[in-house]
Every structure is written in C-alpha cells, then in structure tokens.
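The data block below is run01.cif; it holds mmCIF, C-alpha atoms and all ligand atoms.
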```
data_run
#
loop_
_atom_site.label_atom_id
_atom_site.label_comp_id
_atom_site.auth_asym_id
_atom_site.auth_seq_id
_atom_site.Cartn_x
_atom_site.Cartn_y
_atom_site.Cartn_z
CA MET R 38 12.82 21.83 -28.62
CA ALA R 39 14.61 25.10 -29.44
CA LEU R 40 16.50 26.60 -26.51
CA GLN R 41 14.24 29.64 -26.27
CA GLU R 42 11.18 27.41 -26.05
CA ARG R 43 12.48 25.36 -23.16
CA ILE R 44 11.08 25.81 -19.68
CA LYS R 45 13.56 27.69 -17.54
CA VAL R 46 14.24 26.09 -14.20
CA VAL R 47 15.86 27.29 -11.00
CA LEU R 48 16.98 24.55 -8.61
CA LEU R 49 16.76 25.16 -4.87
CA ALA R 50 18.57 22.90 -2.39
CA CYS R 51 17.69 23.18 1.30
CA GLY R 52 19.76 21.44 3.95
CA SER R 53 22.23 21.80 6.79
CA PHE R 54 25.37 21.99 4.62
CA ASN R 55 27.30 21.29 7.81
CA PRO R 56 29.72 21.53 6.06
CA ILE R 57 29.08 21.72 2.32
CA THR R 58 30.75 18.83 0.45
CA ASN R 59 31.64 18.09 -3.16
CA MET R 60 28.58 15.85 -3.33
CA HIS R 61 26.28 18.79 -2.62
CA LEU R 62 27.82 20.54 -5.61
CA ARG R 63 27.62 17.38 -7.74
CA MET R 64 23.86 17.20 -7.01
CA PHE R 65 23.37 20.41 -8.95
CA GLU R 66 25.47 19.27 -11.91
CA LEU R 67 23.69 15.90 -12.06
CA ALA R 68 20.26 17.54 -11.86
CA ARG R 69 21.07 20.09 -14.57
CA ASP R 70 22.38 17.42 -16.97
CA TYR R 71 19.32 15.28 -16.34
CA LEU R 72 16.76 18.06 -16.84
CA GLU R 73 18.47 19.50 -19.91
CA ASP R 74 18.83 16.03 -21.41
CA THR R 75 15.03 15.73 -21.44
CA GLY R 76 15.08 18.48 -24.08
CA ARG R 77 12.30 20.32 -22.20
CA TYR R 78 14.21 22.37 -19.65
CA GLN R 79 16.97 24.92 -19.43
CA VAL R 80 18.45 25.18 -15.95
CA VAL R 81 19.37 28.82 -15.40
CA LYS R 82 20.34 28.97 -11.74
CA GLY R 83 21.01 26.91 -8.64
CA ILE R 84 20.41 28.18 -5.10
CA ILE R 85 21.87 26.69 -1.93
CA SER R 86 19.85 27.65 1.13
CA PRO R 87 21.51 26.60 4.40
CA VAL R 88 19.02 25.99 7.21
CA GLY R 89 18.95 28.41 10.17
CA ASP R 90 20.38 27.65 13.60
CA ALA R 91 16.86 27.24 14.99
CA TYR R 92 16.62 23.89 13.13
CA LYS R 93 18.45 22.52 16.20
CA LYS R 94 20.05 19.55 14.51
CA LYS R 95 22.72 17.83 16.55
CA GLY R 96 26.19 19.16 15.73
CA LEU R 97 24.82 22.06 13.63
CA ILE R 98 27.40 24.86 13.74
CA GLU R 99 26.47 28.54 13.31
CA ALA R 100 24.73 29.47 10.08
CA LEU R 101 27.16 32.28 9.35
CA HIS R 102 29.96 29.73 8.97
CA ARG R 103 27.84 27.28 6.94
CA VAL R 104 26.78 30.10 4.62
CA GLU R 105 30.36 31.33 4.25
CA MET R 106 31.61 27.80 3.46
CA ALA R 107 28.87 27.43 0.83
CA ARG R 108 29.96 30.76 -0.67
CA LEU R 109 33.58 29.61 -0.82
CA ALA R 110 32.51 26.31 -2.39
CA THR R 111 30.50 27.99 -5.14
CA GLU R 112 33.13 30.62 -6.01
CA THR R 113 34.12 28.66 -9.10
CA SER R 114 30.58 27.96 -10.32
CA ASN R 115 28.97 30.28 -12.84
CA TRP R 116 25.45 29.18 -12.00
CA ILE R 117 25.24 27.86 -8.40
CA THR R 118 24.62 30.59 -5.80
CA VAL R 119 24.08 30.81 -2.04
CA ASP R 120 21.14 32.54 -0.41
CA ASP R 121 21.15 33.36 3.30
CA TRP R 122 17.50 34.42 3.69
CA GLU R 123 16.47 31.11 5.30
CA SER R 124 19.52 31.03 7.58
CA GLN R 125 18.76 34.53 8.88
CA GLN R 126 15.24 33.80 10.10
CA ALA R 127 14.95 33.67 13.88
CA GLU R 128 12.65 30.63 13.80
CA TRP R 129 13.10 27.47 11.74
CA VAL R 130 11.27 27.87 8.41
CA GLU R 131 9.32 25.02 6.81
CA THR R 132 10.83 24.04 3.46
CA ALA R 133 7.53 24.75 1.67
CA LYS R 134 7.80 28.35 2.94
CA VAL R 135 11.38 28.62 1.75
CA VAL R 136 10.28 27.43 -1.70
CA ARG R 137 7.43 29.96 -1.67
CA HIS R 138 9.83 32.76 -0.71
CA HIS R 139 12.21 32.01 -3.59
CA HIS R 140 9.35 31.57 -6.03
CA ALA R 141 8.07 35.02 -5.09
CA GLU R 142 11.59 36.42 -5.60
CA LEU R 143 11.71 34.94 -9.10
CA PHE R 144 8.44 36.62 -9.97
CA ALA R 145 9.70 39.90 -8.54
CA ASP R 146 12.85 39.54 -10.68
CA LYS R 147 10.76 38.77 -13.76
CA ASN R 148 8.45 41.75 -13.21
CA GLN R 149 11.40 44.01 -12.50
CA ALA R 150 13.03 42.79 -15.72
CA GLU R 151 9.94 43.83 -17.64
CA VAL R 152 9.82 47.27 -15.99
CA ASP R 153 13.55 47.81 -16.49
CA THR R 154 13.53 46.66 -20.08
CA VAL R 155 10.55 48.81 -21.01
CA ARG R 156 11.50 51.97 -19.11
CA PHE R 157 15.26 52.03 -18.77
CA GLY R 158 16.75 49.24 -20.86
CA LYS R 159 18.53 48.16 -17.65
CA ARG R 160 19.87 44.66 -17.11
CA SER R 161 18.15 42.50 -14.52
CA ARG R 162 19.62 39.68 -12.47
CA LEU R 163 17.88 37.15 -14.68
CA GLU R 164 19.24 38.75 -17.82
CA GLU R 165 22.73 38.58 -16.35
CA ASN R 166 22.05 34.95 -15.63
CA ASP R 167 21.08 34.38 -19.21
CA ASP R 168 24.47 35.70 -20.26
CA ILE R 169 26.08 33.24 -17.90
CA CYS R 170 24.09 30.48 -19.53
CA GLN R 171 25.23 31.74 -22.92
CA SER R 172 21.74 32.32 -24.15
CA SER R 173 21.75 36.09 -24.33
CA SER R 174 19.74 36.00 -27.56
CA ILE R 175 16.67 35.17 -25.46
CA ASP R 176 14.80 38.14 -24.07
CA PRO R 177 13.67 36.93 -20.62
CA SER R 178 11.16 39.75 -20.33
CA ARG R 179 9.20 38.05 -23.11
CA THR R 180 9.26 34.61 -21.53
CA ALA R 181 7.59 33.23 -18.42
CA ALA R 182 9.34 33.41 -15.04
CA PRO R 183 11.41 30.25 -14.47
CA GLU R 184 9.96 27.30 -12.62
CA LEU R 185 11.42 26.65 -9.21
CA LYS R 186 12.11 23.04 -8.24
CA LEU R 187 13.33 21.67 -4.95
CA LEU R 188 16.54 19.67 -5.29
CA CYS R 189 17.27 16.99 -2.71
CA GLY R 190 18.82 13.61 -2.07
CA ALA R 191 16.67 10.49 -1.77
CA ASP R 192 17.09 10.48 2.02
CA VAL R 193 15.16 13.74 2.24
CA LEU R 194 12.43 12.27 0.01
CA GLU R 195 12.21 9.25 2.31
CA SER R 196 12.07 11.51 5.36
CA PHE R 197 8.62 12.61 4.12
CA SER R 198 7.23 9.50 5.80
CA VAL R 199 8.84 10.13 9.20
CA PRO R 200 5.96 10.84 11.61
CA HIS R 201 5.58 14.50 12.63
CA LEU R 202 8.46 15.68 10.45
CA TRP R 203 6.57 17.04 7.42
CA LYS R 204 3.04 18.36 7.01
CA HIS R 205 1.07 16.53 4.35
CA ASP R 206 -0.03 19.84 2.80
CA ASP R 207 3.57 21.03 2.54
CA ILE R 208 4.58 17.87 0.68
CA ALA R 209 1.58 18.21 -1.62
CA GLU R 210 2.48 21.85 -2.30
CA ILE R 211 6.16 21.13 -3.00
CA VAL R 212 5.53 18.27 -5.43
CA GLY R 213 2.22 19.53 -6.81
CA ARG R 214 2.89 23.20 -7.35
CA TYR R 215 6.66 23.38 -7.79
CA GLY R 216 8.29 20.00 -8.43
CA LEU R 217 11.08 17.92 -7.01
CA VAL R 218 14.39 16.75 -8.41
CA CYS R 219 15.75 13.89 -6.35
CA ILE R 220 19.26 12.41 -6.57
CA THR R 221 19.48 8.72 -5.68
CA ARG R 222 21.48 7.81 -2.62
CA SER R 223 22.54 4.27 -1.79
CA GLY R 224 20.25 2.64 0.75
CA CYS R 225 17.25 4.57 -0.59
CA ASP R 226 14.80 3.35 -3.22
CA ALA R 227 13.29 6.59 -4.47
CA GLU R 228 11.11 5.03 -7.21
CA LYS R 229 9.56 2.58 -4.77
CA PHE R 230 9.02 5.33 -2.26
CA VAL R 231 7.14 7.42 -4.82
CA TYR R 232 5.07 4.40 -5.84
CA GLN R 233 4.10 3.68 -2.22
CA SER R 234 3.02 7.23 -1.39
CA ASP R 235 -0.38 8.38 -2.66
CA VAL R 236 0.54 12.05 -2.75
CA LEU R 237 3.90 11.46 -4.45
CA HIS R 238 2.40 9.00 -6.93
CA LYS R 239 -0.32 11.51 -7.79
CA HIS R 240 2.33 14.09 -8.67
CA ARG R 241 4.89 11.62 -10.05
CA ARG R 242 5.24 13.58 -13.31
CA ASN R 243 6.51 16.48 -11.25
CA ILE R 244 9.13 14.33 -9.51
CA HIS R 245 12.38 13.79 -11.38
CA ILE R 246 14.49 10.98 -10.02
CA VAL R 247 18.09 11.33 -11.12
CA ARG R 248 20.18 8.19 -10.90
CA GLU R 249 23.75 8.76 -9.81
CA TRP R 250 25.61 5.91 -11.51
CA VAL R 251 28.94 6.84 -9.98
CA THR R 252 27.65 6.39 -6.46
CA ASN R 253 29.23 8.81 -4.10
CA GLU R 254 28.81 8.26 -0.40
CA ILE R 255 30.26 11.55 0.80
CA SER R 256 28.16 12.82 3.67
CA ALA R 257 28.64 15.82 5.92
CA THR R 258 28.39 13.46 8.90
CA HIS R 259 31.38 11.50 7.60
CA VAL R 260 33.34 14.72 7.04
CA ARG R 261 32.61 15.99 10.57
CA ARG R 262 33.51 12.65 12.12
CA ALA R 263 36.83 12.50 10.27
CA LEU R 264 37.62 16.11 11.22
CA CYS R 265 36.94 15.38 14.89
CA ARG R 266 39.34 12.43 14.65
CA GLY R 267 42.02 14.55 13.04
CA GLN R 268 41.78 12.56 9.78
CA SER R 269 42.12 14.05 6.33
CA VAL R 270 39.01 15.08 4.43
CA ARG R 271 40.91 16.66 1.56
CA TYR R 272 39.23 16.17 -1.84
CA LEU R 273 35.86 15.48 -0.20
CA LEU R 274 35.20 19.20 -0.12
CA PRO R 275 36.76 22.22 -1.84
CA ASP R 276 40.20 23.29 -0.58
CA HIS R 277 38.99 26.79 0.32
CA VAL R 278 36.27 25.32 2.52
CA LEU R 279 38.78 23.07 4.22
CA ASP R 280 41.16 26.00 4.82
CA TYR R 281 38.27 27.93 6.40
CA ILE R 282 37.40 24.98 8.67
CA HIS R 283 41.01 24.53 9.79
CA HIS R 284 41.61 28.25 10.24
CA LEU R 285 38.62 28.60 12.58
CA GLY R 286 38.82 25.10 14.09
CA LEU R 287 35.15 24.62 13.29
CA TYR R 288 34.46 20.95 13.92
CA SER R 289 35.37 19.27 17.19
CA ASP R 290 33.97 16.94 19.83
CA GLU R 291 32.61 20.14 21.41
CA SER R 292 30.71 21.27 18.31
CA GLU R 293 29.27 17.77 17.90
CA LYS R 294 27.60 18.22 21.32
CA LYS R 295 25.60 21.21 20.08
CA ASN R 296 21.86 20.55 20.31
CA ALA R 297 22.46 17.15 21.92
CA ASN R 298 19.21 16.15 23.63
CA VAL R 299 17.33 18.94 21.83
CA ILE R 300 14.30 17.96 19.77
CA LEU R 301 14.57 18.88 16.08
CA ALA R 302 12.52 22.03 15.32
CA PRO R 303 9.93 20.39 12.99
CA LEU R 304 9.29 17.62 15.51
CA GLN R 305 8.90 20.22 18.26
CA ARG R 306 6.51 22.23 16.13
CA TYR R 307 4.31 19.36 14.99
CA THR R 308 4.16 17.50 18.27
CA GLY R 309 3.88 20.58 20.45
CA THR R 310 6.94 19.58 22.48
CA ALA R 311 9.67 21.98 23.62
CA ASP R 312 13.32 21.28 24.38
N1 LIG R 401 25.96 11.64 -1.19
C1 LIG R 401 24.79 12.22 -1.48
N2 LIG R 401 23.98 11.74 -2.46
C2 LIG R 401 22.79 12.34 -2.74
N3 LIG R 401 22.31 13.41 -2.08
C3 LIG R 401 23.06 13.94 -1.09
C4 LIG R 401 24.33 13.36 -0.74
N4 LIG R 401 24.84 14.10 0.29
C5 LIG R 401 23.95 15.04 0.57
N5 LIG R 401 22.86 14.96 -0.25
C6 LIG R 401 21.69 15.83 -0.24
O1 LIG R 401 22.13 17.17 0.00
C7 LIG R 401 21.11 17.91 0.66
C8 LIG R 401 21.67 18.60 1.88
O2 LIG R 401 21.95 17.58 2.77
P1 LIG R 401 22.71 17.68 4.14
O3 LIG R 401 23.17 19.07 4.40
O4 LIG R 401 21.93 16.98 5.18
O5 LIG R 401 24.01 16.82 3.77
P2 LIG R 401 24.41 15.43 4.32
O6 LIG R 401 25.70 15.08 3.68
O7 LIG R 401 23.27 14.45 4.19
O8 LIG R 401 24.64 15.83 5.84
P3 LIG R 401 24.38 15.03 7.19
O9 LIG R 401 25.27 13.82 7.10
O10 LIG R 401 24.77 16.03 8.22
O11 LIG R 401 22.90 14.69 7.21
C9 LIG R 401 20.00 16.88 1.01
O12 LIG R 401 19.00 16.99 0.03
C10 LIG R 401 20.73 15.55 0.91
O13 LIG R 401 19.85 14.50 0.58
N1 LIG R 402 8.53 19.95 7.43
C1 LIG R 402 9.55 20.46 6.78
O1 LIG R 402 9.45 21.44 6.03
C2 LIG R 402 10.92 19.84 7.00
C3 LIG R 402 11.12 18.78 7.87
C4 LIG R 402 12.41 18.28 8.02
C5 LIG R 402 13.46 18.84 7.33
N2 LIG R 402 13.21 19.87 6.49
C6 LIG R 402 14.31 20.51 5.75
O2 LIG R 402 15.04 19.54 5.05
C7 LIG R 402 16.41 19.84 5.11
C8 LIG R 402 17.05 18.62 5.69
O3 LIG R 402 18.29 18.86 6.10
P1 LIG R 402 19.08 17.73 6.90
O4 LIG R 402 19.04 16.48 6.04
O5 LIG R 402 20.46 18.28 7.05
O6 LIG R 402 18.41 17.50 8.22
C9 LIG R 402 16.53 21.14 5.92
O7 LIG R 402 16.59 22.22 5.02
C10 LIG R 402 15.24 21.21 6.71
O8 LIG R 402 14.77 22.54 6.97
C11 LIG R 402 11.99 20.37 6.31
ZN ZN R 403 21.54 14.84 5.55
#
```
Could you spell out this file's structure in structure tokens?
Ligand SMILES: Nc1ncnc2c1ncn2[C@@H]1O[C@H](COP(=O)(O)OP(=O)(O)OP(=O)(O)O)[C@@H](O)[C@H]1O
Ligand SMILES: NC(=O)c1ccc[n+]([C@@H]2O[C@H](COP(=O)(O)O)[C@@H](O)[C@H]2O)c1
Ligand SMILES: [Zn+2]
Amino acid sequence: MALQERIKVVLLACGSFNPITNMHLRMFELARDYLEDTGRYQVVKGIISPVGDAYKKKGLIEALHRVEMARLATETSNWITVDDWESQQAEWVETAKVVRHHHAELFADKNQAEVDTVRFGKRSRLEENDDICQSSSIDPSRTAAPELKLLCGADVLESFSVPHLWKHDDIAEIVGRYGLVCITRSGCDAEKFVYQSDVLHKHRRNIHIVREWVTNEISATHVRRALCRGQSVRYLLPDHVLDYIHHLGLYSDESEKKNANVILAPLQRYTGTAD
C-alpha cells in the first residue's frame, strides 16, 4: 500500500512511569515497527501520558517529576512525546476517558489543519509531524484524522480481568472503538487471554499483539528497588533521567511508603470504598 494510503496511527501509552525506563521507550519502537510492517499503517506520533497522583499506587512519586523524567527520556526521539493533561487532573481519570480526550484532540488538530490550510496556509502540529516522519508530500488536510490506539504491556491487558479494576464498557470502548497494541511480557500469555475473553475475542482484529523476541524484563519496580538499595540502574533508563533522580534524591524507602495501605483509585471508585 502506498504511504499516502496507509492509515495514520497515534500510539498512546498510559501508566505510572515511576520512573520511565528504556523498556517504556522500546514499547513504542516495537509497536511502530510491527504496525508499519503490516503495510497498512503509518505511525505518526507516540504519546506518553503519566497517570495523576490521585491514582494512589504504592510508591507513586509526584506527577510533576514523572512527567519531567518522561520529557527528559524522550528528548532524543523525533516522534515520541509526553502529555501532562492526565497527570494534571485532580481526580484519577479512567483510561477510556484519557483515550477519548486524546482522540478529540486529534480531531481538533485535523479540523484546525483544514482551516489553517484553507485560510492562512499555516502549518499545523500534524503537518509538522508529517515532516518529522519524512512524508511531507502528503497533505494531511486531505486525509482522515489519524487513528488513536492504546499501547500497553501484556500485564495491563491481563489486568482487565481483575475484579473491580476496569469497567466492562470501558474495555469494550477501548478495543472496539480505538484499538489496542499490546507488547508481550514474560509471564503473560496475551493470545490466550484474548481467546478467553468474550469482549476481547469479539474485537480481536483491533488488538495487535507484538511479540518482543529479545525479552526485556526491565520494570519500574525493579529500578525503584535497586535505587533504594543504592545499586546502579545505569543503562536501564536514560542518563538524563538518572541524573534527575540522583539530583533530587527521588526514590527512597520513604517514597516507597507513599500510598501504603491506600486503596488504588479504580478499586475505590468501583467498590465504593474510601481510603
Ligand atoms: N518490560 C516490559 N515489557 C512490556 N511492557 C512493559 C514493560 N515494562 C513496562 N511495560 C508497559 O509500560 C506501561 C507503563 O507501565 P508502568 O508505568 O506500570 O511500568 P512498569 O515497569 O510495569 O512499572 P511498575 O513496576 O511500577 O508496575 C504498561 O503498559 C506496561 O505494561
Ligand atoms: N479502569 C481503568 O480505566 C483502569 C484501571 C486500572 C489501571 N488503569 C490505568 O492503567 C495504567 C496502569 O498503570 P500501572 O501498571 O502503573 O498501575 C494507568 O494509566 C492506570 O490509570 C486504568
Ligand atoms: Zn506496571
């Protein structure tokens, strides 16, 4: 399929990013290669959306630091960006709502591109993005707005079955209306999980499972644990992120106690419990 005929895709990753690691960045590269290799898609942008403090996950440090670390980590990428809208909301925001918000933004960008192109010949954010993707010959104002797909690891997919964590309608909306790109993670069997779930199986053509052959077990939990023990985490995350962590002394036994004994926001919301 010619490049200009491909479906443009924006990938959105939601998570704690506490802190961001090289594996979070690899997820985007793996997903882009996979989607573009199908010959049907052109991935034009990646968005990292760190969760807000109201998520109340144990050891979750302040969003402003997690957002800043994500910004430092993506400095060298010409297509992965960081968006702080979710992190700035006072209440925890369901992932389906975050997806909806970014989808609406893409439509606003697309409509603005049309207005700007017709009236002023101005460049829009999406047009600038097209330059980045070296496809400036395509006029985005004459193509559809990109599709937005949620990007996650297989553990998040498997968390769909945790009681009171996700609303069924939210899952159906994410996989039915938008689509999911899921990176395999050892210990998780994403294909089997999709097969066993009626809603996921129904929308299986909208779920892209990307196998990571060079399995990479970096996790933010491991990074935090090593930092608390004074061990090196160099090369597990970008140097600038590590400098930021050391400069501000961000992870310690003290920070790991944050939200201890507090019920995670989605569980609170769906079970009607309070901390
Ligand atoms: N090694 C990995 N392989 C595949 N996906 C990953 C990996 N590490 C993180 N992810 C994915 O990155 C997203 C953000 O995850 P998150 O911020 O929870 O990172 P994490 O490393 O799992 O952190 P934590 O250990 O604190 O849970 C999620 O979709 C998660 O599944
Ligand atoms: N019902 C929901 O929408 C729901 C439930 C649990 C986690 N999440 C999201 O999934 C991500 C998971 O992050 P962690 O793996 O760091 O807990 C976060 O962005 C969180 O907001 C969403
Ligand atoms: Zn996680």
Next item on the list: Kindly provide, as JSON, numbers by chain, all nucleotide and amino acid residues lying within 10 Å of ligand ZN 403 (chain R), counting all atoms listed in the file.
Entry: {"R": [52, 53, 54, 55, 189, 190, 191, 192, 193, 256, 257, 258]}
Next item on the list: Please write as a ChimeraX atom specification the list of polymer residues whose atoms come within 7 Å of (25.9, 26.4, 3.5), counting all atoms listed in the file and keeping to the coordinates of the file.
Entry: /R:53-57,85-87,103-107
Now that the selection is made, can you save its residues with C-alpha atoms as a PDB file, in the coordinates of the input?
```
ATOM      1  CA  SER R  53      22.230  21.800   6.790  1.00  0.00           C
ATOM      2  CA  PHE R  54      25.370  21.990   4.620  1.00  0.00           C
ATOM      3  CA  ASN R  55      27.300  21.290   7.810  1.00  0.00           C
ATOM      4  CA  PRO R  56      29.720  21.530   6.060  1.00  0.00           C
ATOM      5  CA  ILE R  57      29.080  21.720   2.320  1.00  0.00           C
ATOM      6  CA  ILE R  85      21.870  26.690  -1.930  1.00  0.00           C
ATOM      7  CA  SER R  86      19.850  27.650   1.130  1.00  0.00           C
ATOM      8  CA  PRO R  87      21.510  26.600   4.400  1.00  0.00           C
ATOM      9  CA  ARG R 103      27.840  27.280   6.940  1.00  0.00           C
ATOM     10  CA  VAL R 104      26.780  30.100   4.620  1.00  0.00           C
ATOM     11  CA  GLU R 105      30.360  31.330   4.250  1.00  0.00           C
ATOM     12  CA  MET R 106      31.610  27.800   3.460  1.00  0.00           C
ATOM     13  CA  ALA R 107      28.870  27.430   0.830  1.00  0.00           C
TER      14      ALA R 107
END
```
Note to self: Applying 12 Å and only C-alpha atoms, which residues near Leu285 in chain R remain after dropping the ones on its own chain fewer than 6 positions away? List them as number ranges by chain.
What the structure shows: R: 98, 102, 106, 278-279
Next item on the list: Tell me which of R:Thr111, R:Asn243, R:Thr75, R:Ser289 sits closest to Asn59 in chain R, counting all atoms listed in the file.
Entry: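 Of R:Thr111, R:Asn243, R:Thr75, R:Ser289, the one nearest Asn59 in chain R, counting all atoms listed in the file, is R:Thr111.
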Note to self: With all atoms listed in the file as the counted atoms, please give the residues lying no more than 7 Å from Leu185 in chain R, apart from itself and same-chain residues fewer than 3 positions off, as a VMD selection string.
What the structure shows: chain R and resid 46 to 48 140 215
Output C-alpha atoms for every residue in that selection, as a tab-separated table (two decimals), in the frame of the given file.
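Wrote it out as result.tsv, contents follow:
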```tsv
chain	number	residue	atom	x	y	z
R	46	VAL	CA	14.24	26.09	-14.20
R	47	VAL	CA	15.86	27.29	-11.00
R	48	LEU	CA	16.98	24.55	-8.61
R	140	HIS	CA	9.35	31.57	-6.03
R	215	TYR	CA	6.66	23.38	-7.79
```
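Residue neighbourhood of Ile117 in chain R, excluding near-sequence residues (fewer than 2 positions): Phe65, Lys82, Gly83, Ile84, Ile85, Thr111, Ser114, Asn115 and Val119 of chain R, at 8 Å, using only C-alpha atoms.
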Check: Using all atoms listed in the file, what residues lie at most 12 Å away from (18.5, 4.0, -2.1) (file coordinates), given as a PyMOL selection string?
Finding: chain R and resi 190-195+219-230+246-250+252-254
Please tabulate, as JSON lines, the residues of chain R that come within 8 Å of ligand LIG 402 (chain R), each with its closest pair of atoms and the distance in Å to one decimal, counting only C-alpha atoms and all ligand atoms and ordering rows by chain, then residue number upward.
```
{"residue": "R:Ala50", "atom": "CA", "partner": "R:LIG402", "partner_atom": "O7", "distance": 7.7}
{"residue": "R:Cys51", "atom": "CA", "partner": "R:LIG402", "partner_atom": "O7", "distance": 4.0}
{"residue": "R:Gly52", "atom": "CA", "partner": "R:LIG402", "partner_atom": "O7", "distance": 3.4}
{"residue": "R:Ser53", "atom": "CA", "partner": "R:LIG402", "partner_atom": "O5", "distance": 3.9}
{"residue": "R:Phe54", "atom": "CA", "partner": "R:LIG402", "partner_atom": "O5", "distance": 6.6}
{"residue": "R:Asn55", "atom": "CA", "partner": "R:LIG402", "partner_atom": "O5", "distance": 7.5}
{"residue": "R:Ser86", "atom": "CA", "partner": "R:LIG402", "partner_atom": "O7", "distance": 7.4}
{"residue": "R:Pro87", "atom": "CA", "partner": "R:LIG402", "partner_atom": "O7", "distance": 6.6}
{"residue": "R:Val88", "atom": "CA", "partner": "R:LIG402", "partner_atom": "O7", "distance": 5.0}
{"residue": "R:Gly89", "atom": "CA", "partner": "R:LIG402", "partner_atom": "O8", "distance": 7.9}
{"residue": "R:Tyr92", "atom": "CA", "partner": "R:LIG402", "partner_atom": "O8", "distance": 6.6}
{"residue": "R:Lys94", "atom": "CA", "partner": "R:LIG402", "partner_atom": "O6", "distance": 6.8}
{"residue": "R:Trp129", "atom": "CA", "partner": "R:LIG402", "partner_atom": "O8", "distance": 7.1}
{"residue": "R:Val130", "atom": "CA", "partner": "R:LIG402", "partner_atom": "O8", "distance": 6.5}
{"residue": "R:Glu131", "atom": "CA", "partner": "R:LIG402", "partner_atom": "O1", "distance": 3.7}
{"residue": "R:Thr132", "atom": "CA", "partner": "R:LIG402", "partner_atom": "O1", "distance": 3.9}
{"residue": "R:Ala133", "atom": "CA", "partner": "R:LIG402", "partner_atom": "O1", "distance": 5.8}
{"residue": "R:Lys134", "atom": "CA", "partner": "R:LIG402", "partner_atom": "O1", "distance": 7.7}
{"residue": "R:Asp192", "atom": "CA", "partner": "R:LIG402", "partner_atom": "O4", "distance": 7.5}
{"residue": "R:Val193", "atom": "CA", "partner": "R:LIG402", "partner_atom": "O4", "distance": 6.1}
{"residue": "R:Ser196", "atom": "CA", "partner": "R:LIG402", "partner_atom": "C4", "distance": 7.3}
{"residue": "R:Phe197", "atom": "CA", "partner": "R:LIG402", "partner_atom": "C3", "distance": 7.6}
{"residue": "R:Leu202", "atom": "CA", "partner": "R:LIG402", "partner_atom": "C3", "distance": 4.8}
{"residue": "R:Trp203", "atom": "CA", "partner": "R:LIG402", "partner_atom": "N1", "distance": 3.5}
{"residue": "R:Lys204", "atom": "CA", "partner": "R:LIG402", "partner_atom": "N1", "distance": 5.7}
{"residue": "R:Asp207", "atom": "CA", "partner": "R:LIG402", "partner_atom": "O1", "distance": 6.9}
{"residue": "R:Pro303", "atom": "CA", "partner": "R:LIG402", "partner_atom": "C3", "distance": 5.5}
{"residue": "R:Leu304", "atom": "CA", "partner": "R:LIG402", "partner_atom": "C3", "distance": 7.9}
```
Notebook entry, point to check: Of the candidates R:Gly76, R:Gly286, R:Gly216, R:Gly96, which one gets nearest to ligand LIG 401 (chain R) if we count all atoms listed in the file?
Noted result: R:Gly96
Margin query: What does the structure give for the distance between CA of Gln125 in chain R and CA of Cys265 in chain R, in Å to one decimal?
Written below: 27.1 Å
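If you look at CA of Pro275 in chain R and atom O13 of ligand LIG 401 (chain R), they are 18.7 Å away from each other.
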Next item on the list: Name all residues at most 7 Å from Lys45 in chain R (count all atoms listed in the file; drop same-chain ones fewer than 5 positions away) and give them as a PyMOL selection string.
Entry: chain R and resi 78-81+183-184
Notebook entry, point to check: For Leu188 in chain R, which residue among R:Leu67, R:Ala145, R:Ala209, R:Val260 is the nearest when counting only C-alpha atoms?
Noted result: R:Leu67
Margin query: Which residue is closest to Glu142 in chain R? Choose from R:His240, R:Trp122, R:Ala110, R:Glu128 and count only C-alpha atoms.
Written below: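 Comparing R:His240, R:Trp122, R:Ala110, R:Glu128 against Glu142 in chain R, the winner is R:Trp122.
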Next item on the list: Name the closest residue to ligand LIG 401 (chain R) among the candidates R:Leu97, R:Ala263, R:Leu72, R:Leu287; distances are taken between atoms, counting all atoms listed in the file.
Entry: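 Among the listed residues, R:Leu97 lies closest to ligand LIG 401 (chain R).
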Notebook entry, point to check: From the set R:Val299, R:Ile44, R:Val236, R:Leu187, which residue has the shortest atom-to-atom contact distance to ligand LIG 401 (chain R), counting only C-alpha atoms and all ligand atoms?
Noted result: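 Using only C-alpha atoms and all ligand atoms, the shortest distance to ligand LIG 401 (chain R) belongs to R:Leu187.
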Checklist line | Distance of CA of Glu123 in chain R from CA of Glu210 in chain R, expressed in Å to one decimal place | finding: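 CA of Glu123 in chain R lies 18.4 Å from CA of Glu210 in chain R.
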Could you give me the axis-aligned bounding box of ligand LIG 401 (chain R), with 6 Å of padding per side, as centre plus edge lengths in Å to one decimal, as JSON?
```
{"center_x": 22.5, "center_y": 15.4, "center_z": 2.7, "size_x": 19.0, "size_y": 19.4, "size_z": 23.0}
```
Item checked: Nearby residues (all atoms listed in the file) at most 12 Å from Ile300 in chain R, same-chain spacing under 3 positions excluded, as a list in words ->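 The residues satisfying every condition are Ala91, Tyr92, Lys93, Lys94, Lys95, His201, Leu202, Lys295, Asn296, Ala297, Pro303, Leu304, Gln305, Arg306, Tyr307, Thr308, Gly309, Thr310, Ala311 and Asp312 of chain R.
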Emit the selected residues as a CSV table (one decimal), keeping the file's coordinate frame, including C-alpha atoms.
```csv
chain,number,residue,atom,x,y,z
R,91,ALA,CA,16.9,27.2,15.0
R,92,TYR,CA,16.6,23.9,13.1
R,93,LYS,CA,18.4,22.5,16.2
R,94,LYS,CA,20.0,19.6,14.5
R,95,LYS,CA,22.7,17.8,16.6
R,201,HIS,CA,5.6,14.5,12.6
R,202,LEU,CA,8.5,15.7,10.4
R,295,LYS,CA,25.6,21.2,20.1
R,296,ASN,CA,21.9,20.6,20.3
R,297,ALA,CA,22.5,17.2,21.9
R,303,PRO,CA,9.9,20.4,13.0
R,304,LEU,CA,9.3,17.6,15.5
R,305,GLN,CA,8.9,20.2,18.3
R,306,ARG,CA,6.5,22.2,16.1
R,307,TYR,CA,4.3,19.4,15.0
R,308,THR,CA,4.2,17.5,18.3
R,309,GLY,CA,3.9,20.6,20.4
R,310,THR,CA,6.9,19.6,22.5
R,311,ALA,CA,9.7,22.0,23.6
R,312,ASP,CA,13.3,21.3,24.4
```
